[in-house]
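**Q** Got a structure for you, written out below as structure tokens; questions coming shortly.
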Amino acid sequence: MPDWKRCCIVIPAYNEESSVAAVVKGLRTAGFSRVLVVDDGSRDRTAESAERAGAAVLRHSLNRGLGGALATGIQAALRTNAEYIITCDADGQHAVEDVERVAGALASGEADAVIGSRLLRPGGMPLIRRAGNMGLNVITFALFGIWVTDSQSGLRGFTRSAAEKLRIESNRMEVSSEIIHEIRRNRLRFKEVPIRAIYTDYSLAHGQSHLNAANILLKLMLKKLLR
């Protein structure tokens, strides 16, 4: 088993009581001993489930959104002196071996930032999800000038020096495209690795809606104008 003690896994979670424990246990079984769950103002027992499974937990008293949870988690991971920081969804849609693939690309020195792309091997991804992601990829490229095949992926990794440079200002779902912009702004060496998405009725219910996609577009356009 590889030594992943230098990695910290950051898991943003909102009302994920039914899935977060399995995600944490799977990561810890694979050797990821540093697992940090950010409970983003959940109304259920997400925090308790994560703690029982062996994660360290930080709590937001109010729901701040994905961006707020990622910012909290990444800053906390940096305070642990982690050399590599990986973000992972709490709904179980990422396979542990794909988390290892992202960690391995960082540890080998291939890149400063790694994105796990579900669209390099899109088998199993519903067509409507594939089309929506492709649309947001195009928008991200048009606004920020960097092309990635899966700009909305929740599985990402950064070296410590790269994570220290990230400026996360968005609180909500537009943070995924903002992170892509930060990769370009900081001229980070960047790599995509193929991953598979494990879709269940539960994970599909927690995904982005068409309304979310419209909100993301509006917020990204406003961010571009303000900058």
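Each chain in the structure tokens gets a letter, A, B, ..., in the order shown, and its residues are numbered from 1; ligands are numbered from 1 in order too.
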Using DSSP on the backbone coordinates, identify the residues of stretch 18-112 of chain A assigned to helix (DSSP H, G or I); present them as a PyMOL selection string.

**A** chain A and resi 20-29+46-53+66-79+96-107

**Q** Write the residues of the selection above to a file with C-alpha atoms, as a compact mmCIF listing (two decimals), in the first residue's frame.

**A**
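The resulting file, again.txt, is reproduced below:
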```txt
# COMPACT_ATOMS: atom_id res chain seq x y z
CA VAL A 20 -20.18 10.34 4.27
CA ALA A 21 -19.19 7.54 6.67
CA ALA A 22 -18.67 5.05 3.83
CA VAL A 23 -16.56 7.60 1.93
CA VAL A 24 -14.37 8.28 4.98
CA LYS A 25 -13.95 4.58 5.80
CA GLY A 26 -13.00 3.74 2.23
CA LEU A 27 -10.31 6.42 2.18
CA ARG A 28 -8.90 5.43 5.54
CA THR A 29 -8.80 1.77 4.55
CA THR A 46 -23.35 14.45 8.93
CA ALA A 47 -20.72 15.58 11.43
CA GLU A 48 -21.37 12.73 13.85
CA SER A 49 -21.29 10.13 11.08
CA ALA A 50 -17.99 11.48 9.75
CA GLU A 51 -16.40 11.57 13.20
CA ARG A 52 -17.44 7.99 13.97
CA ALA A 53 -15.86 6.89 10.70
CA LEU A 66 -19.49 24.45 -1.75
CA GLY A 67 -17.02 27.29 -2.21
CA GLY A 68 -17.16 28.30 1.42
CA ALA A 69 -16.66 24.70 2.55
CA LEU A 70 -13.72 24.15 0.20
CA ALA A 71 -12.03 27.36 1.31
CA THR A 72 -12.39 26.35 4.96
CA GLY A 73 -11.12 22.84 4.30
CA ILE A 74 -8.13 23.82 2.18
CA GLN A 75 -6.98 26.42 4.71
CA ALA A 76 -7.35 23.90 7.53
CA ALA A 77 -5.41 21.29 5.56
CA LEU A 78 -2.58 23.76 5.04
CA ARG A 79 -2.40 24.26 8.80
CA VAL A 96 -10.95 5.34 -3.91
CA GLU A 97 -8.60 4.14 -6.65
CA ASP A 98 -9.26 7.40 -8.50
CA VAL A 99 -8.36 9.42 -5.41
CA GLU A 100 -5.13 7.39 -5.39
CA ARG A 101 -4.62 8.23 -9.08
CA VAL A 102 -4.87 11.96 -8.36
CA ALA A 103 -2.57 11.63 -5.33
CA GLY A 104 -0.07 9.64 -7.36
CA ALA A 105 0.12 12.30 -10.09
CA LEU A 106 0.93 14.90 -7.44
CA ALA A 107 3.45 12.75 -5.57
```

**Q** Taking 2 positions as the minimum chain separation for residues in the same chain, which residues sit within 7 Å of A:Asp44 when counting only C-alpha atoms? Answer as a ChimeraX atom specification.

**A** /A:15,17,42,46

**Q** Using N, CA and C atoms, can you write the selected residues to a file as a PDB file, in the first residue's frame?

**A**
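Output saved as again.pdb:
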```pdb
ATOM      1  N   ASN A  15     -25.636  17.802   4.551  1.00  0.00           N
ATOM      2  CA  ASN A  15     -26.701  16.801   4.679  1.00  0.00           C
ATOM      3  C   ASN A  15     -26.321  15.494   3.981  1.00  0.00           C
ATOM      4  N   GLU A  17     -25.380  12.607   5.737  1.00  0.00           N
ATOM      5  CA  GLU A  17     -25.316  11.607   6.807  1.00  0.00           C
ATOM      6  C   GLU A  17     -25.311  10.187   6.262  1.00  0.00           C
ATOM      7  N   SER A  42     -24.995  21.419   8.060  1.00  0.00           N
ATOM      8  CA  SER A  42     -25.978  20.346   7.829  1.00  0.00           C
ATOM      9  C   SER A  42     -27.067  20.348   8.892  1.00  0.00           C
ATOM     10  N   THR A  46     -24.542  14.590   9.771  1.00  0.00           N
ATOM     11  CA  THR A  46     -23.350  14.446   8.930  1.00  0.00           C
ATOM     12  C   THR A  46     -22.070  14.469   9.759  1.00  0.00           C
TER      13      THR A  46
END
```

**Q** Tell me which protein, DNA and RNA residues are within 9 Å of stretch 143-154 of chain A, counting only C-alpha atoms, leaving out same-chain ones fewer than 5 positions away, and put them as an mmCIF file with N, CA and C atoms, in the first residue's frame.

**A**
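Listing of around_12.cif after writing:
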```
data_model
loop_
_atom_site.group_PDB
_atom_site.id
_atom_site.type_symbol
_atom_site.label_atom_id
_atom_site.label_comp_id
_atom_site.auth_asym_id
_atom_site.auth_seq_id
_atom_site.Cartn_x
_atom_site.Cartn_y
_atom_site.Cartn_z
ATOM 1 N N THR A 87 -9.393 17.301 -2.849
ATOM 2 C CA THR A 87 -10.808 17.489 -2.530
ATOM 3 C C THR A 87 -11.603 16.334 -3.121
ATOM 4 N N CYS A 88 -12.630 15.921 -2.408
ATOM 5 C CA CYS A 88 -13.395 14.734 -2.790
ATOM 6 C C CYS A 88 -14.844 14.939 -2.366
ATOM 7 N N ASP A 89 -15.794 14.510 -3.175
ATOM 8 C CA ASP A 89 -17.212 14.654 -2.850
ATOM 9 C C ASP A 89 -17.627 13.686 -1.744
ATOM 10 N N HIS A 94 -16.987 9.119 -6.125
ATOM 11 C CA HIS A 94 -15.589 8.966 -6.514
ATOM 12 C C HIS A 94 -15.014 7.672 -5.952
ATOM 13 N N ILE A 115 -6.718 17.461 -11.926
ATOM 14 C CA ILE A 115 -8.170 17.344 -11.962
ATOM 15 C C ILE A 115 -8.532 15.933 -12.401
ATOM 16 N N GLY A 116 -9.392 15.281 -11.634
ATOM 17 C CA GLY A 116 -9.920 13.992 -12.058
ATOM 18 C C GLY A 116 -11.073 14.213 -13.009
ATOM 19 N N SER A 117 -10.910 13.808 -14.257
ATOM 20 C CA SER A 117 -11.913 14.086 -15.284
ATOM 21 C C SER A 117 -12.785 12.876 -15.570
ATOM 22 N N ARG A 118 -14.097 13.060 -15.396
ATOM 23 C CA ARG A 118 -15.065 12.019 -15.717
ATOM 24 C C ARG A 118 -15.345 11.954 -17.210
ATOM 25 N N LEU A 119 -14.915 12.974 -17.954
ATOM 26 C CA LEU A 119 -15.243 13.052 -19.376
ATOM 27 C C LEU A 119 -14.122 12.555 -20.275
ATOM 28 N N LEU A 120 -13.004 12.169 -19.708
ATOM 29 C CA LEU A 120 -11.990 11.496 -20.522
ATOM 30 C C LEU A 120 -12.425 10.073 -20.838
ATOM 31 N N ASN A 133 -22.047 19.432 -18.340
ATOM 32 C CA ASN A 133 -20.640 19.659 -18.012
ATOM 33 C C ASN A 133 -19.882 20.250 -19.188
ATOM 34 N N MET A 134 -20.172 19.743 -20.384
ATOM 35 C CA MET A 134 -19.493 20.274 -21.559
ATOM 36 C C MET A 134 -19.825 21.750 -21.751
ATOM 37 N N LEU A 136 -20.550 23.931 -19.412
ATOM 38 C CA LEU A 136 -19.809 24.705 -18.420
ATOM 39 C C LEU A 136 -18.314 24.714 -18.720
ATOM 40 N N ASN A 137 -17.809 23.664 -19.359
ATOM 41 C CA ASN A 137 -16.413 23.689 -19.812
ATOM 42 C C ASN A 137 -16.194 24.809 -20.824
ATOM 43 N N VAL A 138 -17.133 24.922 -21.769
ATOM 44 C CA VAL A 138 -17.028 25.955 -22.802
ATOM 45 C C VAL A 138 -17.091 27.343 -22.169
ATOM 46 N N MET A 173 -21.582 27.034 -6.038
ATOM 47 C CA MET A 173 -21.119 26.025 -6.992
ATOM 48 C C MET A 173 -20.170 26.575 -8.052
ATOM 49 N N GLU A 174 -20.185 27.883 -8.278
ATOM 50 C CA GLU A 174 -19.288 28.452 -9.284
ATOM 51 C C GLU A 174 -17.819 28.321 -8.892
ATOM 52 N N VAL A 175 -17.561 27.876 -7.665
ATOM 53 C CA VAL A 175 -16.175 27.710 -7.213
ATOM 54 C C VAL A 175 -15.396 26.740 -8.106
ATOM 55 N N SER A 176 -16.062 25.761 -8.695
ATOM 56 C CA SER A 176 -15.344 24.790 -9.524
ATOM 57 C C SER A 176 -14.683 25.471 -10.716
ATOM 58 N N SER A 177 -15.401 26.369 -11.372
ATOM 59 C CA SER A 177 -14.808 27.125 -12.479
ATOM 60 C C SER A 177 -13.807 28.146 -11.956
ATOM 61 N N GLU A 178 -14.058 28.702 -10.792
ATOM 62 C CA GLU A 178 -13.114 29.652 -10.203
ATOM 63 C C GLU A 178 -11.758 28.983 -9.946
ATOM 64 N N ILE A 179 -11.776 27.742 -9.494
ATOM 65 C CA ILE A 179 -10.522 27.025 -9.251
ATOM 66 C C ILE A 179 -9.747 26.838 -10.557
ATOM 67 N N ILE A 180 -10.453 26.551 -11.650
ATOM 68 C CA ILE A 180 -9.796 26.437 -12.945
ATOM 69 C C ILE A 180 -9.134 27.768 -13.308
ATOM 70 N N HIS A 181 -9.845 28.856 -13.051
ATOM 71 C CA HIS A 181 -9.258 30.184 -13.295
ATOM 72 C C HIS A 181 -8.017 30.407 -12.446
ATOM 73 N N ILE A 183 -5.948 28.170 -11.397
ATOM 74 C CA ILE A 183 -4.854 27.385 -11.979
ATOM 75 C C ILE A 183 -4.165 28.191 -13.077
ATOM 76 N N ARG A 184 -4.965 28.836 -13.910
ATOM 77 C CA ARG A 184 -4.384 29.650 -14.988
ATOM 78 C C ARG A 184 -3.720 30.900 -14.441
ATOM 79 N N ARG A 185 -4.393 31.592 -13.527
ATOM 80 C CA ARG A 185 -3.863 32.859 -13.001
ATOM 81 C C ARG A 185 -2.496 32.665 -12.347
ATOM 82 N N GLU A 192 -4.820 16.534 -16.196
ATOM 83 C CA GLU A 192 -6.066 15.809 -15.969
ATOM 84 C C GLU A 192 -5.778 14.312 -15.978
ATOM 85 N N LEU A 220 -20.345 33.653 -12.794
ATOM 86 C CA LEU A 220 -19.040 33.673 -13.435
ATOM 87 C C LEU A 220 -18.877 34.903 -14.318
ATOM 88 N N MET A 221 -19.946 35.283 -15.017
ATOM 89 C CA MET A 221 -19.892 36.470 -15.860
ATOM 90 C C MET A 221 -19.693 37.719 -15.009
ATOM 91 N N LYS A 224 -16.113 37.848 -13.859
ATOM 92 C CA LYS A 224 -15.229 38.273 -14.930
ATOM 93 C C LYS A 224 -15.306 39.790 -15.120
#
```

**Q** So that I can see what lies close to A:Met125, please list as a PyMOL selection string the residues with an atom at most 12 Å from it, counting only C-alpha atoms and leaving out residues fewer than 5 positions away in the same chain.

**A** chain A and resi 93+117-120+130-133+195-200+203-204

**Q** Mind writing the picked residues with C-alpha atoms as a CSV table (one decimal), in the first residue's frame?

**A**
```
chain,number,residue,atom,x,y,z
A,93,GLN,CA,-19.4,9.2,-6.6
A,117,SER,CA,-11.9,14.1,-15.3
A,118,ARG,CA,-15.1,12.0,-15.7
A,119,LEU,CA,-15.2,13.1,-19.4
A,120,LEU,CA,-12.0,11.5,-20.5
A,130,ARG,CA,-22.3,15.1,-19.9
A,131,ALA,CA,-24.0,17.8,-22.0
A,132,GLY,CA,-24.3,20.1,-19.0
A,133,ASN,CA,-20.6,19.7,-18.0
A,195,ILE,CA,-11.7,8.9,-13.4
A,196,ARG,CA,-15.0,7.2,-13.3
A,197,ALA,CA,-18.1,8.6,-11.7
A,198,ILE,CA,-20.2,6.2,-9.6
A,199,TYR,CA,-23.7,7.4,-10.2
A,200,THR,CA,-26.6,6.2,-7.9
A,203,SER,CA,-25.7,11.0,-6.1
A,204,LEU,CA,-27.9,12.0,-9.0
```

**Q** Just asking: which residues within stretch 17-223 of chain A are strand (DSSP E or B) according to DSSP, as number ranges by chain?

**A** A: 35-40, 56-60, 84-87, 94, 113-117, 156-159, 190-194, 197

**Q** Counting only C-alpha atoms, which of A:Ile128, A:Ala90, A:Ala162, A:Leu36 gets nearest to A:Glu16?

**A**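 Closest candidate: A:Ala90.
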
**Q** Tell me, in Å to one decimal, how far atom CA of A:Val10 is from atom CA of A:Phe158.

**A**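 Atom-to-atom, atom CA of A:Val10 and atom CA of A:Phe158 are spaced 11.3 Å apart.
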
**Q** Tell me, as JSON, numbers by chain, which residues lie within 6 Å of A:Ala111, counting only C-alpha atoms; anything in the same chain fewer than 5 positions away does not count.

**A** {"A": [106, 189, 190, 191]}

**Q** Mind giving me the straight-line distance from atom CA of A:Glu169 to atom CA of A:Trp4 in Å, one decimal?

**A**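 So the two atoms, atom CA of A:Glu169 and atom CA of A:Trp4, lie 29.1 Å apart.
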